[in-house]
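Enquirer: Can you read through this structure? Questions will come right after.
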Amino acid sequence: MSAVEIPQRPTLFIDGSWTKSSDGKTRPTINPYDAKVLIEVDEASAEDAQRAIASASHFFKTSDWPHKTFEERCNLLSRYADLLQAHKSKLAHIETLDTGKTLAESEIDIDDVTNVFRFYAKEALKLQNEKTISGDLIPSSVQSKVIHEPVGVCVLITPWNYPILQLCWKLAPALATGNAVIVKPSEVTPLSTVYLTKLLIEAGFPAKSVQLLTASGASIGPTLTESKDVDLVSFTGGLATGRHIIRSCAETVKRCTVELGGKNPNVVFADCDLDLAVDNVLTAVFTHSGQVCSSGARLIVEESIADRLVAGVVERAKQISMGSGLDPKSETGPLVSAEHLGKVEAFVDIARKEGGKVVCGGMRPDPKQHPDLAQGYFFLPTVVDHCDRTMRIVQEETFGPILTVERFKDGDEETAVFLANDTAYGLAGGVQSKDHARAERIARRLRHGTVWVNTYGAYTPQAEWGGYGMSGNGRELGSKGLDEYIETKHIWAEKKPAMMGWFKDARM
Ligand code: TXE
């Protein structure tokens with residue numbers, strides 16, 4: 001076990017204090033590298049969730065937090081960014097222990113979200129500039145302006161693949177705009193969120209502006225999403241849970257944004273730089289063992305280079321070094337849980353039955369060759385060649401290290417675009433071609449929220465992130481990421497009040 005202090009119980013933060021769950025229940029959190037218990041965390045009950053909602057709602061309605069200037073709140077965001085950097089090494093270590101991802105990836109996540117906080121510390125200031133309306137369409141005696149206010153109590157529900165990153169994408173805009181937040185991390189990876197909450201308080205955010213509930217979605221989800229005192233739910237996770245949450249938010253007509261993953265195409269043309277394309281395809285699908293919503297899991301390749309490209313990817317995939325995320329030699333870690341490993345294994349069985357040809361991986365590492373990986377939830381990088389669009393392995397999100405290969409005839413851009421858009425999702429995609437005009441043409445025709453050309457996977461806080469189709473609604477990051485967390489109000493003030501004249505003179 002590492003020397004890093006893992007956050008200890010109590011892990012619930014309700015009404016400004018750290019507390020255990022009301023019924024004393026706990027849940028183990030597991031290190032996916034060796035399947036050992038890291039710690040027990042408190043499992044919030046529905047009663048705890050009610051208490052958090054009541055506290056957040058009272059705080060939002062009675063404190064000066066929503067009425068502070070954007071400048072005051074943005075200063076806190078900047079301070080938080082500094083704290084993230086100061087605690088980077090501890091936080092990264094905790095994230096790696098809990099998720100299995102490599103330390104290098106965890107550190108990148110922390111640098112990325114530091115930038116997210118710094119970006120919103122500036123971007124939210126723009127909301128201070130209230131829009132004054134004048135001109136021919138309103139009387140000159142009227143002072144008319146549009147102002148921005150927080151939405152209220154926001155429930156932020158996050159998944160297990162990027163616990164720090166997904167939470168901070170929500171926290172930064174929600175807090176910059178003066179909302180009260182209730183955070184519910186995945187029960188599979190709650191530890192970094194406990195740490196992040198401690199840092200929020202250290203940065204000076206009011207204690208009741210944030211409440212933290214560590215618990216399973218099934219146990220407290222409905223209490224949070226159905227409550228009339230919750231004004232917004234922002235959710236990142238799976239499609240089935242997302243649908244459920246949208247339905248439950250509908251009852252009270254609360255605002256609801258969801259990011260639900262993808263089945264992302266990576267379209268490779270024969271005129272690509274082949275070495276670069278091999279590298280892009282590999283990075284797109286095997287980073288973090290494919291547990292990435294924007295993972296480039298569907299290779300769609302022009303026939304004349306298909307065999308060479310697949311051979312190159314397979315050769316490199318076989319060399320990916322797997323191990324503990326804490327070992328600098330590891331290029332990828334395990335899958336997050338035994339349950340998820342079972343799901344990924346089942347997908348390969350499905351692919352075989354559907355006629356896909358597993359040309360690499362398709363199983364757990366051999367324990368005789370890799371005894372160090374035998375306890376953890378490892379799965380080999382897998383390539384399934386000769387797939388077609390009707391297969392489940394091509395249409396459903398496996399969220400594992402599985403690449404499917406579909407081919408299109410040389411020069412047939414129409415089919416390439418058709419296949420790339422042939423998914424219920426629409427989160428992200430890639431185009432690999434040295435012909436810039438073609439790459440741009442194809443990028444514009446892809447029905448996906450982010451498209452990378454001759455690269456894969458980068459993002460910036462300045463550009464919006466989100467999906468078409470069943471990948472979700474709304475946008476995170478960018479200026480639109482702020483819009484999710486504000487109400488917009490129009491104030492029309494008559495400076496020279498006079499009788500309106502609609503009804504007979506009402507003079508007393
Ligand atoms: O996610 P869930 P799961 C995909 C991926 C994966 C599948 C299932 O394909 O295999 O989803 O993963 C909380 N009310 N993605 O089951 O259930 C839950 O506690 C309120 C894509 O782990 O969606 C956790 O905090 N909340 C994805 C969060 O929802 C509920 C990332 C996500 O868990 C709830 C992860 C309920 N009724 C998985 N039920 C992406 N978009 O990146 C669960 N939760």
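Each chain in the structure tokens gets a letter, A, B, ..., in the order shown, and its residues are numbered from 1; ligands are numbered from 1 in order too.
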Collect all residues with atoms no farther than 6 Å from ligand 1, counting only C-alpha atoms and all ligand atoms, and output them as a list in words.

Expert: Ile157, Thr158, Pro159, Trp160, Asn161, Lys184, Pro185, Ser186, Glu187, Ser216, Gly217, Ala218, Gly221, Pro222, Thr236, Gly237, Gly238, Thr241, Ile245, Glu259, Leu260, Gly261, Val292, Cys293, Glu397, Thr398 and Phe399 of chain A

Enquirer: Give me, as a PDB file with all heavy atoms, in the first residue's frame, all polymer residues having an atom no more than 7 Å from A:Asn179, counting only C-alpha atoms and skipping those fewer than 3 positions away in the same chain.

Expert:
ATOM      1  N   PRO A  66     -25.660  33.443  -3.714  1.00  0.00           N
ATOM      2  CA  PRO A  66     -26.108  33.680  -5.097  1.00  0.00           C
ATOM      3  C   PRO A  66     -26.012  35.154  -5.499  1.00  0.00           C
ATOM      4  O   PRO A  66     -26.070  35.469  -6.685  1.00  0.00           O
ATOM      5  CB  PRO A  66     -27.580  33.252  -5.085  1.00  0.00           C
ATOM      6  CG  PRO A  66     -27.820  32.599  -3.775  1.00  0.00           C
ATOM      7  CD  PRO A  66     -26.741  33.005  -2.831  1.00  0.00           C
ATOM      8  N   PRO A 150     -28.112  32.418 -10.733  1.00  0.00           N
ATOM      9  CA  PRO A 150     -27.936  30.961 -10.626  1.00  0.00           C
ATOM     10  C   PRO A 150     -29.276  30.226 -10.699  1.00  0.00           C
ATOM     11  O   PRO A 150     -30.328  30.809 -10.430  1.00  0.00           O
ATOM     12  CB  PRO A 150     -27.302  30.791  -9.245  1.00  0.00           C
ATOM     13  CG  PRO A 150     -27.545  32.064  -8.515  1.00  0.00           C
ATOM     14  CD  PRO A 150     -27.718  33.147  -9.529  1.00  0.00           C
ATOM     15  N   VAL A 151     -29.208  28.964 -11.055  1.00  0.00           N
ATOM     16  CA  VAL A 151     -30.433  28.159 -11.195  1.00  0.00           C
ATOM     17  C   VAL A 151     -30.968  27.735  -9.826  1.00  0.00           C
ATOM     18  O   VAL A 151     -32.169  27.694  -9.598  1.00  0.00           O
ATOM     19  CB  VAL A 151     -30.133  26.899 -12.052  1.00  0.00           C
ATOM     20  CG1 VAL A 151     -31.335  25.974 -12.114  1.00  0.00           C
ATOM     21  CG2 VAL A 151     -29.720  27.319 -13.444  1.00  0.00           C
ATOM     22  N   GLY A 152     -30.066  27.422  -8.882  1.00  0.00           N
ATOM     23  CA  GLY A 152     -30.513  27.003  -7.546  1.00  0.00           C
ATOM     24  C   GLY A 152     -29.700  25.837  -7.024  1.00  0.00           C
ATOM     25  O   GLY A 152     -28.476  25.882  -7.010  1.00  0.00           O
ATOM     26  N   VAL A 153     -30.413  24.781  -6.637  1.00  0.00           N
ATOM     27  CA  VAL A 153     -29.727  23.593  -6.105  1.00  0.00           C
ATOM     28  C   VAL A 153     -29.429  22.646  -7.281  1.00  0.00           C
ATOM     29  O   VAL A 153     -30.347  22.205  -7.978  1.00  0.00           O
ATOM     30  CB  VAL A 153     -30.604  22.879  -5.051  1.00  0.00           C
ATOM     31  CG1 VAL A 153     -29.945  21.572  -4.603  1.00  0.00           C
ATOM     32  CG2 VAL A 153     -30.855  23.801  -3.874  1.00  0.00           C
ATOM     33  N   CYS A 154     -28.152  22.374  -7.478  1.00  0.00           N
ATOM     34  CA  CYS A 154     -27.736  21.544  -8.621  1.00  0.00           C
ATOM     35  C   CYS A 154     -27.154  20.226  -8.121  1.00  0.00           C
ATOM     36  O   CYS A 154     -26.212  20.227  -7.326  1.00  0.00           O
ATOM     37  CB  CYS A 154     -26.652  22.249  -9.429  1.00  0.00           C
ATOM     38  SG  CYS A 154     -27.166  23.843 -10.068  1.00  0.00           S
ATOM     39  N   ALA A 174     -20.800  25.669 -12.206  1.00  0.00           N
ATOM     40  CA  ALA A 174     -21.909  25.728 -11.233  1.00  0.00           C
ATOM     41  C   ALA A 174     -21.576  26.682 -10.091  1.00  0.00           C
ATOM     42  O   ALA A 174     -22.429  27.470  -9.663  1.00  0.00           O
ATOM     43  CB  ALA A 174     -22.199  24.330 -10.685  1.00  0.00           C
ATOM     44  N   LEU A 175     -20.359  26.626  -9.606  1.00  0.00           N
ATOM     45  CA  LEU A 175     -19.980  27.487  -8.475  1.00  0.00           C
ATOM     46  C   LEU A 175     -19.695  28.919  -8.945  1.00  0.00           C
ATOM     47  O   LEU A 175     -20.019  29.879  -8.242  1.00  0.00           O
ATOM     48  CB  LEU A 175     -18.775  26.899  -7.741  1.00  0.00           C
ATOM     49  CG  LEU A 175     -19.072  25.590  -6.984  1.00  0.00           C
ATOM     50  CD1 LEU A 175     -17.801  24.981  -6.426  1.00  0.00           C
ATOM     51  CD2 LEU A 175     -20.102  25.808  -5.859  1.00  0.00           C
TER      52      LEU A 175
END

Enquirer: Using Å and a single decimal, report how far atom CA of A:Arg389 sits from atom CA of A:Gly296.

Expert: 15.5 Å

Enquirer: How close does stretch 260-353 of chain A get to stretch 418-421 of chain A? List, as a tab-separated table, each residue of stretch 260-353 of chain A within 12 Å, its nearest atom pair and the distance in Å to one decimal, counting only C-alpha atoms.

Expert:
residue	atom	partner	partner_atom	distance
A:Gly262	CA	A:Asn421	CA	11.4
A:Lys263	CA	A:Ala420	CA	9.4
A:Asn264	CA	A:Ala420	CA	7.8
A:Pro265	CA	A:Ala420	CA	5.3
A:Asn266	CA	A:Ala420	CA	7.6
A:Val267	CA	A:Ala420	CA	7.2
A:Val268	CA	A:Ala420	CA	10.8
A:Gly296	CA	A:Ala420	CA	10.9
A:Ala297	CA	A:Ala420	CA	11.2
A:Arg298	CA	A:Ala420	CA	8.3
A:Leu299	CA	A:Ala420	CA	9.1
A:Ile300	CA	A:Ala420	CA	7.2
A:Val301	CA	A:Leu419	CA	10.3
A:Glu302	CA	A:Leu419	CA	11.8

Enquirer: Taking the DSSP secondary structure from the backbone, can you list the residues of stretch 34-272 of chain A that are strand (DSSP E or B), as number ranges by chain?

Expert: A: 36-42, 131-133, 142-150, 153-157, 180-184, 210-212, 232-236, 255-259, 265-268

Enquirer: Record the distance separating atom CA of A:Ile486 and atom CA of A:Glu149, expressed in Å with one decimal.

Expert: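 Computed distance, atom CA of A:Ile486 to atom CA of A:Glu149, equals 5.4 Å.
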
Enquirer: Would you please give, as number ranges by chain, all residues of stretch 77-173 of chain A that DSSP assigns to helix (DSSP H, G or I) based on the backbone?

Expert: A: 77-86, 88-99, 103-128, 163-173

Enquirer: Find the residue from A:Asp136, A:Asp275, A:Asp349, A:Glu95 that sits nearest to A:Gly325; use only C-alpha atoms when measuring.

Expert: A:Glu95

Enquirer: Kindly assemble as JSON lines a list of the stretch 270-294 of chain A residues that lie within 12 Å of stretch 458-461 of chain A, each paired with its nearest atom pair and their distance in Å to one decimal, using only C-alpha atoms, sorted first by chain and then by ascending residue number.

Expert:
{"residue": "A:Asn280", "atom": "CA", "partner": "A:Ala458", "partner_atom": "CA", "distance": 11.5}
{"residue": "A:Thr283", "atom": "CA", "partner": "A:Ala458", "partner_atom": "CA", "distance": 11.0}
{"residue": "A:Ala284", "atom": "CA", "partner": "A:Ala458", "partner_atom": "CA", "distance": 10.1}
{"residue": "A:Ser294", "atom": "CA", "partner": "A:Ala458", "partner_atom": "CA", "distance": 10.2}

Enquirer: What does the distance between atom CA of A:Val453 and atom CA of A:Val431 come to in Å, to one decimal place?

Expert: 4.9 Å

Enquirer: If we count only C-alpha atoms, what is near stretch 74-85 of chain A at a cut-off of 9 Å, once residues fewer than 2 positions away on the same chain are taken out, given as a ChimeraX atom specification?

Expert: /A:69-72,87-89,91,110-111,113-118,120-122,124-125,172,175-177,196,199-200,202-205

Enquirer: Taking only C-alpha atoms into account, name the residue in A:Thr29, A:Gln369, A:Ser234, A:Thr225 that is nearest to A:Gln166.

Expert: A:Ser234

Enquirer: Considering only C-alpha atoms, tabulate each residue of stretch 227-289 of chain A that lies at most 9 Å from stretch 45-65 of chain A along with its nearest interatomic pair and the corresponding distance in Å to one decimal; arrange the rows by chain and ascending residue number and present them as CSV.

Expert:
residue,atom,partner,partner_atom,distance
A:Ser227,CA,A:Ile53,CA,8.2
A:Asp229,CA,A:Ser57,CA,6.4
A:Val230,CA,A:Ile53,CA,7.0

Enquirer: Store the residues of this selection in a file with C-alpha atoms, as a short mmCIF file (atom, residue, chain, number, x, y, z; two decimals), in the first residue's frame.

Expert:
data_model
loop_
_atom_site.label_atom_id
_atom_site.label_comp_id
_atom_site.auth_asym_id
_atom_site.auth_seq_id
_atom_site.Cartn_x
_atom_site.Cartn_y
_atom_site.Cartn_z
CA SER A 227 -37.03 16.21 -5.29
CA ASP A 229 -36.20 21.29 -4.05
CA VAL A 230 -33.59 20.32 -6.61
#

Enquirer: Which residue gives the smallest distance to A:Leu274 among A:Gln432, A:Ala493, A:Leu373, A:Asp385, with only C-alpha atoms counted?

Expert: A:Gln432

Enquirer: So that I can check the surroundings of A:Ser321, please list as a PDB file with N, CA and C atoms, in the first residue's frame every protein, DNA and RNA residue that reaches within 12 Å of it, counting only C-alpha atoms and ignoring chain neighbours fewer than 3 positions away.

Expert:
ATOM      1  N   THR A 102      -3.228   5.156 -15.182  1.00  0.00           N
ATOM      2  CA  THR A 102      -1.823   5.430 -14.865  1.00  0.00           C
ATOM      3  C   THR A 102      -1.704   6.782 -14.166  1.00  0.00           C
ATOM      4  N   PHE A 286      -7.280   2.577 -27.036  1.00  0.00           N
ATOM      5  CA  PHE A 286      -6.726   1.836 -25.892  1.00  0.00           C
ATOM      6  C   PHE A 286      -6.327   2.705 -24.706  1.00  0.00           C
ATOM      7  N   THR A 287      -6.384   4.041 -24.849  1.00  0.00           N
ATOM      8  CA  THR A 287      -6.090   4.882 -23.698  1.00  0.00           C
ATOM      9  C   THR A 287      -7.090   4.561 -22.585  1.00  0.00           C
ATOM     10  N   SER A 289      -7.639   1.946 -21.164  1.00  0.00           N
ATOM     11  CA  SER A 289      -8.294   0.668 -21.482  1.00  0.00           C
ATOM     12  C   SER A 289      -9.669   0.845 -22.119  1.00  0.00           C
ATOM     13  N   ARG A 316       1.271  -3.236 -32.584  1.00  0.00           N
ATOM     14  CA  ARG A 316       1.520  -2.307 -31.481  1.00  0.00           C
ATOM     15  C   ARG A 316       0.668  -2.657 -30.256  1.00  0.00           C
ATOM     16  N   ALA A 317      -0.576  -3.093 -30.496  1.00  0.00           N
ATOM     17  CA  ALA A 317      -1.479  -3.399 -29.374  1.00  0.00           C
ATOM     18  C   ALA A 317      -0.917  -4.522 -28.513  1.00  0.00           C
ATOM     19  N   LYS A 318      -0.278  -5.490 -29.183  1.00  0.00           N
ATOM     20  CA  LYS A 318       0.286  -6.632 -28.448  1.00  0.00           C
ATOM     21  C   LYS A 318       1.425  -6.208 -27.528  1.00  0.00           C
ATOM     22  N   SER A 324       0.276  -1.971 -12.844  1.00  0.00           N
ATOM     23  CA  SER A 324      -0.230  -1.025 -11.855  1.00  0.00           C
ATOM     24  C   SER A 324      -0.081   0.386 -12.403  1.00  0.00           C
ATOM     25  N   GLY A 325      -1.099   1.201 -12.206  1.00  0.00           N
ATOM     26  CA  GLY A 325      -1.023   2.589 -12.644  1.00  0.00           C
ATOM     27  C   GLY A 325       0.099   3.343 -11.952  1.00  0.00           C
ATOM     28  N   ASP A 327       3.059   2.143 -11.479  1.00  0.00           N
ATOM     29  CA  ASP A 327       4.343   1.752 -12.053  1.00  0.00           C
ATOM     30  C   ASP A 327       4.571   2.576 -13.330  1.00  0.00           C
ATOM     31  N   PRO A 328       5.640   3.368 -13.364  1.00  0.00           N
ATOM     32  CA  PRO A 328       5.841   4.234 -14.547  1.00  0.00           C
ATOM     33  C   PRO A 328       5.987   3.445 -15.847  1.00  0.00           C
ATOM     34  N   LYS A 329       6.274   2.149 -15.757  1.00  0.00           N
ATOM     35  CA  LYS A 329       6.410   1.365 -16.996  1.00  0.00           C
ATOM     36  C   LYS A 329       5.045   0.988 -17.593  1.00  0.00           C
ATOM     37  N   SER A 330       4.001   1.065 -16.790  1.00  0.00           N
ATOM     38  CA  SER A 330       2.672   0.670 -17.293  1.00  0.00           C
ATOM     39  C   SER A 330       2.148   1.712 -18.274  1.00  0.00           C
ATOM     40  N   GLU A 331       1.652   1.208 -19.408  1.00  0.00           N
ATOM     41  CA  GLU A 331       1.019   2.126 -20.373  1.00  0.00           C
ATOM     42  C   GLU A 331      -0.497   2.165 -20.174  1.00  0.00           C
ATOM     43  N   THR A 332      -1.083   1.055 -19.718  1.00  0.00           N
ATOM     44  CA  THR A 332      -2.495   1.081 -19.324  1.00  0.00           C
ATOM     45  C   THR A 332      -2.681   0.209 -18.084  1.00  0.00           C
ATOM     46  N   GLY A 333      -3.769   0.498 -17.392  1.00  0.00           N
ATOM     47  CA  GLY A 333      -4.085  -0.244 -16.180  1.00  0.00           C
ATOM     48  C   GLY A 333      -5.237  -1.208 -16.417  1.00  0.00           C
ATOM     49  N   PRO A 334      -5.853  -1.649 -15.327  1.00  0.00           N
ATOM     50  CA  PRO A 334      -6.955  -2.599 -15.425  1.00  0.00           C
ATOM     51  C   PRO A 334      -8.278  -1.902 -15.767  1.00  0.00           C
ATOM     52  N   PRO A 365      -5.213 -11.371 -19.538  1.00  0.00           N
ATOM     53  CA  PRO A 365      -3.825 -11.814 -19.712  1.00  0.00           C
ATOM     54  C   PRO A 365      -3.624 -13.188 -19.089  1.00  0.00           C
ATOM     55  N   HIS A 370       1.756 -13.614 -16.799  1.00  0.00           N
ATOM     56  CA  HIS A 370       1.650 -12.337 -16.081  1.00  0.00           C
ATOM     57  C   HIS A 370       1.037 -12.545 -14.703  1.00  0.00           C
ATOM     58  N   LEU A 373      -0.625  -9.689 -12.850  1.00  0.00           N
ATOM     59  CA  LEU A 373      -1.911  -9.121 -13.280  1.00  0.00           C
ATOM     60  C   LEU A 373      -3.089 -10.018 -12.905  1.00  0.00           C
ATOM     61  N   PHE A 378      -7.770  -6.996 -15.382  1.00  0.00           N
ATOM     62  CA  PHE A 378      -7.115  -6.679 -16.657  1.00  0.00           C
ATOM     63  C   PHE A 378      -7.793  -7.384 -17.826  1.00  0.00           C
ATOM     64  N   PHE A 379      -7.772  -6.710 -18.981  1.00  0.00           N
ATOM     65  CA  PHE A 379      -8.270  -7.313 -20.217  1.00  0.00           C
ATOM     66  C   PHE A 379      -7.362  -6.850 -21.347  1.00  0.00           C
ATOM     67  N   LEU A 380      -6.949  -7.799 -22.192  1.00  0.00           N
ATOM     68  CA  LEU A 380      -5.970  -7.455 -23.233  1.00  0.00           C
ATOM     69  C   LEU A 380      -6.566  -6.536 -24.303  1.00  0.00           C
ATOM     70  N   PRO A 381      -5.749  -5.622 -24.835  1.00  0.00           N
ATOM     71  CA  PRO A 381      -6.196  -4.817 -25.981  1.00  0.00           C
ATOM     72  C   PRO A 381      -6.665  -5.758 -27.097  1.00  0.00           C
TER      73      PRO A 381
END

Enquirer: Quick one: residues within 6 Å of A:Glu476, only C-alpha atoms counted, chain neighbours fewer than 4 positions away excluded, as an NGL selection string?

Expert: :A and (464-465 or 481)

Enquirer: Between A:Glu43, A:Thr404, A:Tyr468, A:Ala443, which is the closest to A:Ser219 once you count only C-alpha atoms?

Expert: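 Smallest distance to A:Ser219 is found for A:Glu43.
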